[in-house]
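A.B. asks: query-v3.cif (mmCIF, C-alpha atoms and all ligand atoms) pasted underneath:
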```cif
data_upload
#
loop_
_atom_site.group_PDB
_atom_site.id
_atom_site.type_symbol
_atom_site.label_atom_id
_atom_site.label_comp_id
_atom_site.auth_asym_id
_atom_site.auth_seq_id
_atom_site.Cartn_x
_atom_site.Cartn_y
_atom_site.Cartn_z
ATOM 1 C CA MET A 1 24.230 62.960 118.585
ATOM 2 C CA LEU A 2 26.327 60.238 116.996
ATOM 3 C CA PRO A 3 29.839 61.628 117.534
ATOM 4 C CA LEU A 4 28.827 62.424 121.129
ATOM 5 C CA MET A 5 27.789 58.821 121.699
ATOM 6 C CA ASP A 6 30.905 57.484 120.040
ATOM 7 C CA SER A 7 33.309 59.379 122.265
ATOM 8 C CA MET A 8 31.292 58.534 125.372
ATOM 9 C CA ALA A 9 31.174 54.858 124.448
ATOM 10 C CA GLN A 10 34.920 54.970 123.865
ATOM 11 C CA ASN A 11 35.578 56.681 127.190
ATOM 12 C CA LEU A 12 33.431 54.112 128.909
ATOM 13 C CA ALA A 13 35.124 51.142 127.255
ATOM 14 C CA ARG A 14 38.530 52.515 128.222
ATOM 15 C CA LEU A 15 37.383 53.134 131.785
ATOM 16 C CA GLN A 16 35.896 49.668 132.170
ATOM 17 C CA GLU A 17 39.137 48.195 130.896
ATOM 18 C CA ARG A 18 41.117 50.148 133.507
ATOM 19 C CA ILE A 19 38.705 49.100 136.268
ATOM 20 C CA ALA A 20 39.012 45.453 135.246
ATOM 21 C CA ARG A 21 42.801 45.626 135.187
ATOM 22 C CA ALA A 22 43.007 47.365 138.570
ATOM 23 C CA ALA A 23 40.693 44.734 140.061
ATOM 24 C CA GLN A 24 42.669 41.846 138.588
ATOM 25 C CA ARG A 25 45.921 43.246 139.950
ATOM 26 C CA VAL A 26 44.594 42.859 143.494
ATOM 27 C CA GLY A 27 42.605 39.677 142.919
ATOM 28 C CA ARG A 28 39.149 41.266 142.993
ATOM 29 C CA GLU A 29 36.204 40.562 140.696
ATOM 30 C CA PRO A 30 35.465 43.634 138.545
ATOM 31 C CA GLU A 31 31.726 42.790 138.553
ATOM 32 C CA LYS A 32 31.625 43.480 142.290
ATOM 33 C CA ILE A 33 32.767 47.066 141.797
ATOM 34 C CA GLY A 34 29.869 49.399 141.046
ATOM 35 C CA LEU A 35 30.215 52.434 138.819
ATOM 36 C CA VAL A 36 28.335 55.640 139.615
ATOM 37 C CA ALA A 37 28.559 58.011 136.638
ATOM 38 C CA VAL A 38 28.767 61.467 138.211
ATOM 39 C CA SER A 39 26.667 63.578 135.839
ATOM 40 C CA LYS A 40 26.788 66.944 137.653
ATOM 41 C CA THR A 41 26.756 69.804 135.085
ATOM 42 C CA VAL A 42 26.154 67.245 132.299
ATOM 43 C CA ASP A 43 22.922 68.069 130.475
ATOM 44 C CA ALA A 44 20.054 65.608 130.077
ATOM 45 C CA PRO A 45 20.748 64.726 126.407
ATOM 46 C CA ARG A 46 24.288 63.661 127.306
ATOM 47 C CA VAL A 47 23.007 61.585 130.205
ATOM 48 C CA ARG A 48 20.625 59.989 127.693
ATOM 49 C CA ALA A 49 23.620 59.191 125.477
ATOM 50 C CA ALA A 50 25.412 57.684 128.485
ATOM 51 C CA HIS A 51 22.383 55.495 129.103
ATOM 52 C CA ALA A 52 22.507 54.420 125.453
ATOM 53 C CA ALA A 53 26.178 53.535 125.982
ATOM 54 C CA GLY A 54 25.113 51.200 128.787
ATOM 55 C CA LEU A 55 25.297 53.244 132.013
ATOM 56 C CA ARG A 56 22.418 52.973 134.497
ATOM 57 C CA VAL A 57 23.581 54.601 137.760
ATOM 58 C CA PHE A 58 24.103 58.368 137.866
ATOM 59 C CA GLY A 59 25.255 60.630 140.685
ATOM 60 C CA GLU A 60 24.388 64.284 141.239
ATOM 61 C CA ASN A 61 25.753 66.718 143.804
ATOM 62 C CA ARG A 62 23.077 69.431 143.769
ATOM 63 C CA ALA A 63 19.570 68.774 144.987
ATOM 64 C CA GLN A 64 17.699 70.841 142.384
ATOM 65 C CA GLU A 65 19.800 69.481 139.545
ATOM 66 C CA LEU A 66 18.928 65.973 140.717
ATOM 67 C CA ARG A 67 15.232 66.823 140.803
ATOM 68 C CA ASP A 68 15.220 68.494 137.366
ATOM 69 C CA LYS A 69 17.310 65.909 135.552
ATOM 70 C CA SER A 70 15.511 62.930 137.057
ATOM 71 C CA ARG A 71 12.202 64.448 135.906
ATOM 72 C CA GLU A 72 13.487 65.165 132.435
ATOM 73 C CA LEU A 73 14.768 61.609 132.091
ATOM 74 C CA SER A 74 11.911 59.835 133.855
ATOM 75 C CA ASP A 75 11.156 57.825 130.691
ATOM 76 C CA LEU A 76 14.464 55.949 131.174
ATOM 77 C CA SER A 77 15.043 53.459 133.905
ATOM 78 C CA LEU A 78 17.934 55.107 135.721
ATOM 79 C CA GLU A 79 19.164 54.782 139.271
ATOM 80 C CA TRP A 80 20.024 58.142 140.813
ATOM 81 C CA HIS A 81 22.489 58.639 143.651
ATOM 82 C CA PHE A 82 23.202 61.830 145.560
ATOM 83 C CA VAL A 83 26.857 62.590 146.307
ATOM 84 C CA GLY A 84 26.908 66.278 147.308
ATOM 85 C CA SER A 85 26.659 68.151 150.559
ATOM 86 C CA ILE A 86 23.114 68.245 151.905
ATOM 87 C CA GLN A 87 21.172 71.163 153.306
ATOM 88 C CA THR A 88 18.238 70.150 155.491
ATOM 89 C CA ASN A 89 15.825 72.339 153.487
ATOM 90 C CA LYS A 90 16.731 70.525 150.254
ATOM 91 C CA VAL A 91 16.198 66.996 151.551
ATOM 92 C CA ARG A 92 12.765 66.943 149.904
ATOM 93 C CA TYR A 93 14.401 67.076 146.458
ATOM 94 C CA ILE A 94 16.658 64.165 147.328
ATOM 95 C CA VAL A 95 14.285 61.740 149.101
ATOM 96 C CA PRO A 96 12.872 59.559 147.604
ATOM 97 C CA THR A 97 14.469 60.341 144.186
ATOM 98 C CA ALA A 98 17.968 59.191 145.145
ATOM 99 C CA GLU A 99 18.143 55.450 145.703
ATOM 100 C CA LEU A 100 21.421 55.883 147.565
ATOM 101 C CA VAL A 101 22.612 59.037 149.337
ATOM 102 C CA HIS A 102 26.430 58.894 149.693
ATOM 103 C CA SER A 103 26.993 62.035 151.709
ATOM 104 C CA VAL A 104 25.288 62.064 155.104
ATOM 105 C CA ASP A 105 27.585 63.598 157.694
ATOM 106 C CA ARG A 106 25.292 65.083 160.352
ATOM 107 C CA LEU A 107 22.477 63.813 162.506
ATOM 108 C CA ALA A 108 20.200 66.783 161.691
ATOM 109 C CA VAL A 109 20.229 65.871 158.008
ATOM 110 C CA ALA A 110 19.731 62.172 158.771
ATOM 111 C CA ARG A 111 16.727 63.000 160.951
ATOM 112 C CA ARG A 112 15.119 64.945 158.117
ATOM 113 C CA ILE A 113 15.816 62.106 155.702
ATOM 114 C CA SER A 114 14.276 59.559 158.053
ATOM 115 C CA GLN A 115 11.165 61.769 158.388
ATOM 116 C CA ARG A 116 10.699 61.894 154.615
ATOM 117 C CA ALA A 117 11.350 58.175 154.104
ATOM 118 C CA SER A 118 9.007 55.458 155.365
ATOM 119 C CA ALA A 119 9.027 51.973 156.831
ATOM 120 C CA GLU A 120 8.026 50.588 153.409
ATOM 121 C CA ARG A 121 10.706 52.584 151.662
ATOM 122 C CA PRO A 122 13.610 53.234 154.019
ATOM 123 C CA GLN A 123 16.297 55.532 152.603
ATOM 124 C CA ARG A 124 19.557 53.784 151.735
ATOM 125 C CA LEU A 125 22.542 55.909 152.664
ATOM 126 C CA LEU A 126 26.279 56.083 153.280
ATOM 127 C CA VAL A 127 28.066 58.175 155.872
ATOM 128 C CA GLN A 128 30.668 60.550 154.458
ATOM 129 C CA VAL A 129 33.909 60.618 156.439
ATOM 130 C CA ASN A 130 36.635 63.252 156.186
ATOM 131 C CA THR A 131 39.657 60.971 155.947
ATOM 132 C CA SER A 132 42.156 63.590 154.795
ATOM 133 C CA GLY A 133 41.890 66.171 157.558
ATOM 134 C CA GLU A 134 41.458 68.870 154.870
ATOM 135 C CA GLU A 135 39.277 71.534 156.411
ATOM 136 C CA SER A 136 37.472 72.342 153.181
ATOM 137 C CA LYS A 137 36.125 68.806 152.959
ATOM 138 C CA SER A 138 32.764 67.754 154.256
ATOM 139 C CA GLY A 139 32.375 64.544 156.159
ATOM 140 C CA VAL A 140 32.309 63.515 159.786
ATOM 141 C CA GLN A 141 35.711 63.384 161.477
ATOM 142 C CA PRO A 142 36.885 59.787 162.029
ATOM 143 C CA ASP A 143 36.775 60.162 165.829
ATOM 144 C CA ALA A 144 33.147 61.323 165.692
ATOM 145 C CA LEU A 145 31.948 58.477 163.472
ATOM 146 C CA ASP A 146 30.891 56.091 166.248
ATOM 147 C CA ALA A 147 28.697 58.716 167.878
ATOM 148 C CA LEU A 148 27.052 59.551 164.555
ATOM 149 C CA LEU A 149 26.401 55.871 163.807
ATOM 150 C CA GLU A 150 24.826 55.437 167.233
ATOM 151 C CA GLY A 151 22.545 58.369 166.471
ATOM 152 C CA LEU A 152 21.630 56.933 163.079
ATOM 153 C CA ALA A 153 20.800 53.576 164.659
ATOM 154 C CA GLU A 154 17.976 55.312 166.554
ATOM 155 C CA LEU A 155 16.307 56.625 163.388
ATOM 156 C CA PRO A 156 13.624 54.316 162.017
ATOM 157 C CA HIS A 157 13.588 54.788 158.228
ATOM 158 C CA LEU A 158 17.236 54.527 157.281
ATOM 159 C CA ARG A 159 19.430 51.739 155.968
ATOM 160 C CA VAL A 160 23.072 52.593 156.508
ATOM 161 C CA GLU A 161 24.922 50.675 153.805
ATOM 162 C CA GLY A 162 28.468 51.904 154.254
ATOM 163 C CA LEU A 163 30.923 54.769 154.228
ATOM 164 C CA MET A 164 32.037 57.284 151.618
ATOM 165 C CA THR A 165 35.072 59.512 151.328
ATOM 166 C CA ILE A 166 36.756 61.923 148.933
ATOM 167 C CA GLY A 167 40.501 61.314 148.663
ATOM 168 C CA PRO A 168 42.922 64.110 149.542
ATOM 169 C CA LEU A 169 43.664 66.600 146.782
ATOM 170 C CA THR A 170 47.273 65.629 146.113
ATOM 171 C CA ASP A 171 49.464 63.637 143.739
ATOM 172 C CA ASP A 172 50.943 61.779 146.683
ATOM 173 C CA GLN A 173 49.746 58.235 146.042
ATOM 174 C CA ARG A 174 50.651 57.097 149.546
ATOM 175 C CA ALA A 175 48.550 59.823 151.149
ATOM 176 C CA ILE A 176 45.595 58.909 148.951
ATOM 177 C CA GLY A 177 46.063 55.207 149.709
ATOM 178 C CA SER A 178 46.153 55.858 153.472
ATOM 179 C CA ALA A 179 42.929 57.858 153.337
ATOM 180 C CA PHE A 180 41.154 54.999 151.560
ATOM 181 C CA ARG A 181 42.659 52.437 153.932
ATOM 182 C CA LEU A 182 41.428 54.477 156.888
ATOM 183 C CA LEU A 183 37.889 54.428 155.479
ATOM 184 C CA ARG A 184 38.035 50.690 155.137
ATOM 185 C CA ARG A 185 39.312 50.212 158.688
ATOM 186 C CA LEU A 186 36.578 52.474 160.058
ATOM 187 C CA ARG A 187 33.979 50.503 158.138
ATOM 188 C CA ASP A 188 35.321 47.149 159.360
ATOM 189 C CA ARG A 189 35.295 48.340 162.942
ATOM 190 C CA ALA A 190 31.780 49.778 162.686
ATOM 191 C CA ARG A 191 30.546 46.562 161.095
ATOM 192 C CA ASP A 192 31.885 44.583 164.044
ATOM 193 C CA ALA A 193 29.669 46.687 166.321
ATOM 194 C CA GLN A 194 26.628 45.206 164.509
ATOM 195 C CA HIS A 195 24.219 48.080 164.663
ATOM 196 C CA PRO A 196 20.679 47.200 163.584
ATOM 197 C CA ARG A 197 19.765 48.124 159.949
ATOM 198 C CA MET A 198 23.424 48.758 159.116
ATOM 199 C CA PRO A 199 24.796 46.224 156.708
ATOM 200 C CA LEU A 200 27.731 48.580 155.942
ATOM 201 C CA GLN A 201 28.690 46.598 152.845
ATOM 202 C CA HIS A 202 29.752 49.576 150.755
ATOM 203 C CA LEU A 203 32.897 51.671 150.500
ATOM 204 C CA SER A 204 32.240 54.582 148.113
ATOM 205 C CA MET A 205 35.650 55.939 147.168
ATOM 206 C CA GLY A 206 37.642 56.659 144.044
ATOM 207 C CA MET A 207 37.158 59.342 141.382
ATOM 208 C CA THR A 208 38.742 59.856 137.949
ATOM 209 C CA HIS A 209 42.244 60.542 139.272
ATOM 210 C CA ASP A 210 42.390 57.980 142.081
ATOM 211 C CA PHE A 211 39.971 55.102 141.409
ATOM 212 C CA GLU A 212 42.720 52.516 140.859
ATOM 213 C CA LEU A 213 44.059 53.135 144.380
ATOM 214 C CA ALA A 214 40.501 52.950 145.715
ATOM 215 C CA ILE A 215 39.985 49.570 144.046
ATOM 216 C CA ALA A 216 43.188 48.319 145.676
ATOM 217 C CA GLU A 217 41.854 49.416 149.082
ATOM 218 C CA GLY A 218 38.458 47.738 148.661
ATOM 219 C CA ALA A 219 36.122 50.250 147.005
ATOM 220 C CA THR A 220 32.722 48.779 146.117
ATOM 221 C CA LEU A 221 31.387 51.960 144.470
ATOM 222 C CA LEU A 222 33.439 54.283 142.275
ATOM 223 C CA ARG A 223 32.133 57.802 141.583
ATOM 224 C CA ILE A 224 33.455 58.886 138.223
ATOM 225 C CA GLY A 225 32.628 61.920 136.114
ATOM 226 C CA THR A 226 35.521 63.279 134.042
ATOM 227 C CA ALA A 227 36.733 59.936 132.676
ATOM 228 C CA ILE A 228 33.248 59.359 131.221
ATOM 229 C CA PHE A 229 31.933 62.798 130.277
ATOM 230 C CA GLY A 230 35.169 64.717 129.756
ATOM 231 C CA ARG A 231 36.264 67.866 131.587
ATOM 232 C CA ARG A 232 33.560 69.975 133.187
ATOM 233 C CA GLU A 233 33.366 73.650 132.185
ATOM 234 C CA ALA A 234 32.747 74.894 135.683
HETATM 235 C C1 LIG A 301 32.454 65.511 140.999
HETATM 236 C C2 LIG A 301 32.482 64.410 141.969
HETATM 237 C C3 LIG A 301 32.976 63.137 141.610
HETATM 238 C C4 LIG A 301 33.539 62.818 140.245
HETATM 239 O O1 LIG A 301 34.760 63.451 140.040
HETATM 240 P P1 LIG A 301 35.640 63.217 138.717
HETATM 241 O O2 LIG A 301 36.986 63.686 139.119
HETATM 242 O O3 LIG A 301 35.030 64.058 137.645
HETATM 243 O O4 LIG A 301 35.601 61.779 138.383
HETATM 244 C C5 LIG A 301 32.947 62.145 142.590
HETATM 245 N N1 LIG A 301 32.464 62.377 143.829
HETATM 246 C C6 LIG A 301 31.973 63.571 144.192
HETATM 247 C C7 LIG A 301 31.468 63.750 145.576
HETATM 248 C C8 LIG A 301 31.965 64.625 143.286
HETATM 249 O O5 LIG A 301 31.497 65.815 143.673
#
```
If you convert what's in this file into C-alpha cells, what do you get?

C.D. replies:
Amino acid sequence: MLPLMDSMAQNLARLQERIARAAQRVGREPEKIGLVAVSKTVDAPRVRAAHAAGLRVFGENRAQELRDKSRELSDLSLEWHFVGSIQTNKVRYIVPTAELVHSVDRLAVARRISQRASAERPQRLLVQVNTSGEESKSGVQPDALDALLEGLAELPHLRVEGLMTIGPLTDDQRAIGSAFRLLRRLRDRARDAQHPRMPLQHLSMGMTHDFELAIAEGATLLRIGTAIFGRREA
C-alpha cells in the first residue's frame, strides 16, 4: 500500500504543479479549475489511495463500474462523475449516483435521466459536443446543439451546467486548441440565449495529453486519468 500511495501522491503533486503553471501563464486562478480523477479500470483500493492523497472527485465511463465502485467505496465521501457514453437502459446505474454527468448527447437519454431524477434532486449534467468532426467520437454535432438545448430546456429535472468535449486525437496543438475554442464559443453563445435552469458555467475539456491547452481555452473541469494513475492496461 505505501509505495502505491507514494507514487500516486507524487503524480498528483506534479500534476497540480503543471495545472498551476498553465493557469498562471494565462492569468487564471488554479483554484477555479476543477480536477476530475478518471478512475476507469482503476480498482477500488487504488481509488482509496487516491482519496488518501487528497482527491475527492472521480470520473467513470462505464455505468456498472460506477455502480460497483461507488458501492465498494461508500464509506468515503467521494463525488462521482460519469464521463462515458450512455445507454438508456443503464441510466438507472448512473442517476442518482453521479453528481455530474458530463456526456449527454441525445434527447432520449436526457429524457430518461429527467424521469429518474426529481424536483428535489435535479440531475446536474453537461452536454457533450463533437468538436473534432471525428466520426468515432460521441457528442452532438455543433450545428445540432441549439436544438438539443431547446429540448433539454423542456425537461423538468435537469440542471444543464455546461459543455464537454474530447479533443481530437492528434499531436497538432493548433487543431486541439481550435476544438477547445469552439466549445467555449458554443457555450458563450448558448449562455446568451438564457435558457431556464441552464447556468452553463462549466467547460469540461482537457485530458492527460492536452489539459494545458484546455486551461488556456477556459476549461473549468479537467478529466485526467493517466497522469494520476499511470497507464491503463486495457
Ligand atoms: C479516459 C478518459 C479520460 C482520461 O484520459 P487520460 O488520457 O487517461 O487522462 C477523460 N475523459 C474521458 C471521457 C475518458 O474516457

A.B. asks: Would you mind reading off the distance between CA of Arg116 in chain A and CA of Val95 in chain A, one decimal, in Å?

C.D. replies: 6.6 Å

A.B. asks: Could you write out as a ChimeraX atom specification the residues that the PyMOL selection byres (((chain A and resi 218) around 9) and not hetatm) matches in the shown file?

C.D. replies: /A:28,33,180-181,184,203,205,213-217,219-220

A.B. asks: Tell me which protein, DNA and RNA residues are within 12 Å of Glu99 in chain A, counting all atoms listed in the file, leaving out same-chain ones fewer than 2 positions away, and put them as a PDB file with C-alpha atoms, keeping the file's coordinate frame.

C.D. replies:
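This went into selection_4.pdb:
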```
ATOM      1  CA  VAL A  36      28.335  55.640 139.615  1.00  0.00           C
ATOM      2  CA  VAL A  57      23.581  54.601 137.760  1.00  0.00           C
ATOM      3  CA  PHE A  58      24.103  58.368 137.866  1.00  0.00           C
ATOM      4  CA  GLY A  59      25.255  60.630 140.685  1.00  0.00           C
ATOM      5  CA  GLU A  60      24.388  64.284 141.239  1.00  0.00           C
ATOM      6  CA  LEU A  66      18.928  65.973 140.717  1.00  0.00           C
ATOM      7  CA  SER A  70      15.511  62.930 137.057  1.00  0.00           C
ATOM      8  CA  LEU A  78      17.934  55.107 135.721  1.00  0.00           C
ATOM      9  CA  GLU A  79      19.164  54.782 139.271  1.00  0.00           C
ATOM     10  CA  TRP A  80      20.024  58.142 140.813  1.00  0.00           C
ATOM     11  CA  HIS A  81      22.489  58.639 143.651  1.00  0.00           C
ATOM     12  CA  PHE A  82      23.202  61.830 145.560  1.00  0.00           C
ATOM     13  CA  VAL A  83      26.857  62.590 146.307  1.00  0.00           C
ATOM     14  CA  ILE A  94      16.658  64.165 147.328  1.00  0.00           C
ATOM     15  CA  VAL A  95      14.285  61.740 149.101  1.00  0.00           C
ATOM     16  CA  PRO A  96      12.872  59.559 147.604  1.00  0.00           C
ATOM     17  CA  THR A  97      14.469  60.341 144.186  1.00  0.00           C
ATOM     18  CA  VAL A 101      22.612  59.037 149.337  1.00  0.00           C
ATOM     19  CA  HIS A 102      26.430  58.894 149.693  1.00  0.00           C
ATOM     20  CA  ALA A 117      11.350  58.175 154.104  1.00  0.00           C
ATOM     21  CA  ARG A 121      10.706  52.584 151.662  1.00  0.00           C
ATOM     22  CA  PRO A 122      13.610  53.234 154.019  1.00  0.00           C
ATOM     23  CA  GLN A 123      16.297  55.532 152.603  1.00  0.00           C
ATOM     24  CA  ARG A 124      19.557  53.784 151.735  1.00  0.00           C
ATOM     25  CA  LEU A 125      22.542  55.909 152.664  1.00  0.00           C
ATOM     26  CA  LEU A 126      26.279  56.083 153.280  1.00  0.00           C
ATOM     27  CA  LEU A 158      17.236  54.527 157.281  1.00  0.00           C
ATOM     28  CA  ARG A 159      19.430  51.739 155.968  1.00  0.00           C
ATOM     29  CA  GLU A 161      24.922  50.675 153.805  1.00  0.00           C
TER      30      GLU A 161
END
```

A.B. asks: Residues of chain A that approach ligand LIG 301 (chain A) to 9 Å or less, counting all atoms listed in the file: could you list each one with the shortest pair of atoms and its distance in Å to one decimal, rows by chain and increasing residue number, as CSV?

C.D. replies:
```
residue,atom,partner,partner_atom,distance
A:Val36,CA,A:LIG301,C5,8.5
A:Ala37,CA,A:LIG301,C4,7.8
A:Val38,CA,A:LIG301,C4,5.4
A:Ser39,CA,A:LIG301,C1,8.0
A:Lys40,CA,A:LIG301,C1,6.7
A:Gly59,CA,A:LIG301,N1,8.1
A:Glu60,CA,A:LIG301,O5,7.7
A:Asn61,CA,A:LIG301,O5,5.8
A:Phe82,CA,A:LIG301,C7,8.5
A:Val83,CA,A:LIG301,C7,4.8
A:Gly84,CA,A:LIG301,C7,5.5
A:Ser85,CA,A:LIG301,C7,8.2
A:His102,CA,A:LIG301,C7,8.1
A:Ser103,CA,A:LIG301,C7,7.8
A:Met164,CA,A:LIG301,C7,8.9
A:Thr165,CA,A:LIG301,C7,8.0
A:Ile166,CA,A:LIG301,C7,6.5
A:Ser204,CA,A:LIG301,N1,8.9
A:Met205,CA,A:LIG301,N1,7.9
A:Gly206,CA,A:LIG301,C5,7.4
A:Met207,CA,A:LIG301,O4,4.2
A:Thr208,CA,A:LIG301,O4,3.7
A:His209,CA,A:LIG301,O2,6.1
A:Asp210,CA,A:LIG301,O2,8.4
A:Phe211,CA,A:LIG301,O4,8.5
A:Leu222,CA,A:LIG301,C5,7.9
A:Arg223,CA,A:LIG301,C5,4.5
A:Ile224,CA,A:LIG301,O4,3.6
A:Gly225,CA,A:LIG301,O3,3.6
A:Thr226,CA,A:LIG301,O3,3.7
A:Ala227,CA,A:LIG301,O4,6.1
A:Ile228,CA,A:LIG301,O4,7.9
A:Phe229,CA,A:LIG301,O3,8.1
A:Gly230,CA,A:LIG301,O3,7.9
A:Arg231,CA,A:LIG301,O3,7.3
A:Arg232,CA,A:LIG301,O3,7.6
```

A.B. asks: Can you pull out the residues contacting Ala44 in chain A? Cut-off 8 Å, using all atoms listed in the file, and skip same-chain residues under 3 positions away; I want them as a list of chain:residue names.

C.D. replies: A:Val47, A:Arg48, A:Lys69, A:Glu72, A:Leu73

A.B. asks: Find the residue from A:Val91, A:Val26, A:Val104, A:Ala9 that sits nearest to His51 in chain A; use only C-alpha atoms when measuring.

C.D. replies: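 The answer is A:Ala9, which sits nearest to His51 in chain A.
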
A.B. asks: Just the number, please: distance in Å from CA of Val140 in chain A to CA of Gln64 in chain A, one decimal.

C.D. replies: 23.9 Å

A.B. asks: Near Asn89 in chain A, within 10 Å and counting only C-alpha atoms, which residues show up once chain neighbours fewer than 2 positions away are dropped, as a PyMOL selection string?

C.D. replies: chain A and resi 63+86-87+91-93+109+112

A.B. asks: Env of Leu152 in chain A: 9 Å cut, atoms = all atoms listed in the file, seq-sep filter 4 positions within chain, self excluded. Answer as an MDAnalysis selection string.

C.D. replies: chainID A and resid 107 110:111 147:148 156 158 160

A.B. asks: So the first atom is CA of Ala108 in chain A and the second is CA of Thr88 in chain A; what is the distance between them in Å, to one decimal place?

C.D. replies: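 That distance, rounded to one decimal, is 7.3 Å.
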
A.B. asks: Got a minute to add all heavy atoms to range 206-213 of chain A and dump it as a PDB file, in the coordinates of the input?

C.D. replies:
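This went into part.pdb:
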```pdb
ATOM      1  N   GLY A 206      36.991  56.748 145.335  1.00  0.00           N
ATOM      2  CA  GLY A 206      37.642  56.659 144.044  1.00  0.00           C
ATOM      3  C   GLY A 206      36.923  57.495 143.009  1.00  0.00           C
ATOM      4  O   GLY A 206      35.725  57.318 142.778  1.00  0.00           O
ATOM      5  N   MET A 207      37.652  58.472 142.435  1.00  0.00           N
ATOM      6  CA  MET A 207      37.158  59.342 141.382  1.00  0.00           C
ATOM      7  C   MET A 207      38.096  59.173 140.179  1.00  0.00           C
ATOM      8  O   MET A 207      38.946  58.279 140.182  1.00  0.00           O
ATOM      9  CB  MET A 207      37.111  60.792 141.891  1.00  0.00           C
ATOM     10  CG  MET A 207      36.214  60.911 143.108  1.00  0.00           C
ATOM     11  SD  MET A 207      36.327  62.413 144.152  1.00  0.00           S
ATOM     12  CE  MET A 207      36.424  63.743 143.003  1.00  0.00           C
ATOM     13  N   THR A 208      37.953  60.037 139.173  1.00  0.00           N
ATOM     14  CA  THR A 208      38.742  59.856 137.949  1.00  0.00           C
ATOM     15  C   THR A 208      40.241  59.716 138.213  1.00  0.00           C
ATOM     16  O   THR A 208      40.898  58.860 137.628  1.00  0.00           O
ATOM     17  CB  THR A 208      38.478  61.031 136.980  1.00  0.00           C
ATOM     18  OG1 THR A 208      37.121  60.929 136.536  1.00  0.00           O
ATOM     19  CG2 THR A 208      39.409  60.992 135.779  1.00  0.00           C
ATOM     20  N   HIS A 209      40.792  60.532 139.122  1.00  0.00           N
ATOM     21  CA  HIS A 209      42.244  60.542 139.272  1.00  0.00           C
ATOM     22  C   HIS A 209      42.765  59.527 140.288  1.00  0.00           C
ATOM     23  O   HIS A 209      43.965  59.355 140.412  1.00  0.00           O
ATOM     24  CB  HIS A 209      42.726  61.950 139.644  1.00  0.00           C
ATOM     25  CG  HIS A 209      42.219  62.382 140.982  1.00  0.00           C
ATOM     26  ND1 HIS A 209      40.917  62.761 141.181  1.00  0.00           N
ATOM     27  CD2 HIS A 209      42.830  62.454 142.188  1.00  0.00           C
ATOM     28  CE1 HIS A 209      40.750  63.069 142.458  1.00  0.00           C
ATOM     29  NE2 HIS A 209      41.879  62.882 143.093  1.00  0.00           N
ATOM     30  N   ASP A 210      41.862  58.873 141.038  1.00  0.00           N
ATOM     31  CA  ASP A 210      42.390  57.980 142.081  1.00  0.00           C
ATOM     32  C   ASP A 210      41.625  56.661 142.231  1.00  0.00           C
ATOM     33  O   ASP A 210      41.769  55.974 143.234  1.00  0.00           O
ATOM     34  CB  ASP A 210      42.460  58.726 143.431  1.00  0.00           C
ATOM     35  CG  ASP A 210      41.111  59.257 143.897  1.00  0.00           C
ATOM     36  OD1 ASP A 210      40.077  58.827 143.350  1.00  0.00           O
ATOM     37  OD2 ASP A 210      41.096  60.088 144.825  1.00  0.00           O
ATOM     38  N   PHE A 211      40.830  56.282 141.203  1.00  0.00           N
ATOM     39  CA  PHE A 211      39.971  55.102 141.409  1.00  0.00           C
ATOM     40  C   PHE A 211      40.770  53.799 141.468  1.00  0.00           C
ATOM     41  O   PHE A 211      40.345  52.833 142.106  1.00  0.00           O
ATOM     42  CB  PHE A 211      38.855  55.028 140.358  1.00  0.00           C
ATOM     43  CG  PHE A 211      39.304  54.703 138.963  1.00  0.00           C
ATOM     44  CD1 PHE A 211      39.498  53.389 138.556  1.00  0.00           C
ATOM     45  CD2 PHE A 211      39.537  55.722 138.049  1.00  0.00           C
ATOM     46  CE1 PHE A 211      39.906  53.101 137.262  1.00  0.00           C
ATOM     47  CE2 PHE A 211      39.949  55.439 136.757  1.00  0.00           C
ATOM     48  CZ  PHE A 211      40.143  54.119 136.361  1.00  0.00           C
ATOM     49  N   GLU A 212      41.956  53.766 140.827  1.00  0.00           N
ATOM     50  CA  GLU A 212      42.720  52.516 140.859  1.00  0.00           C
ATOM     51  C   GLU A 212      43.225  52.231 142.281  1.00  0.00           C
ATOM     52  O   GLU A 212      43.191  51.089 142.746  1.00  0.00           O
ATOM     53  CB  GLU A 212      43.850  52.558 139.824  1.00  0.00           C
ATOM     54  CG  GLU A 212      43.277  52.243 138.429  1.00  0.00           C
ATOM     55  CD  GLU A 212      43.883  53.020 137.278  1.00  0.00           C
ATOM     56  OE1 GLU A 212      44.262  54.192 137.507  1.00  0.00           O
ATOM     57  OE2 GLU A 212      43.950  52.465 136.165  1.00  0.00           O
ATOM     58  N   LEU A 213      43.657  53.291 142.973  1.00  0.00           N
ATOM     59  CA  LEU A 213      44.059  53.135 144.380  1.00  0.00           C
ATOM     60  C   LEU A 213      42.870  52.703 145.227  1.00  0.00           C
ATOM     61  O   LEU A 213      43.007  51.881 146.140  1.00  0.00           O
ATOM     62  CB  LEU A 213      44.587  54.472 144.923  1.00  0.00           C
ATOM     63  CG  LEU A 213      46.010  54.857 144.524  1.00  0.00           C
ATOM     64  CD1 LEU A 213      46.263  56.320 144.852  1.00  0.00           C
ATOM     65  CD2 LEU A 213      46.994  53.958 145.255  1.00  0.00           C
TER      66      LEU A 213
END
```
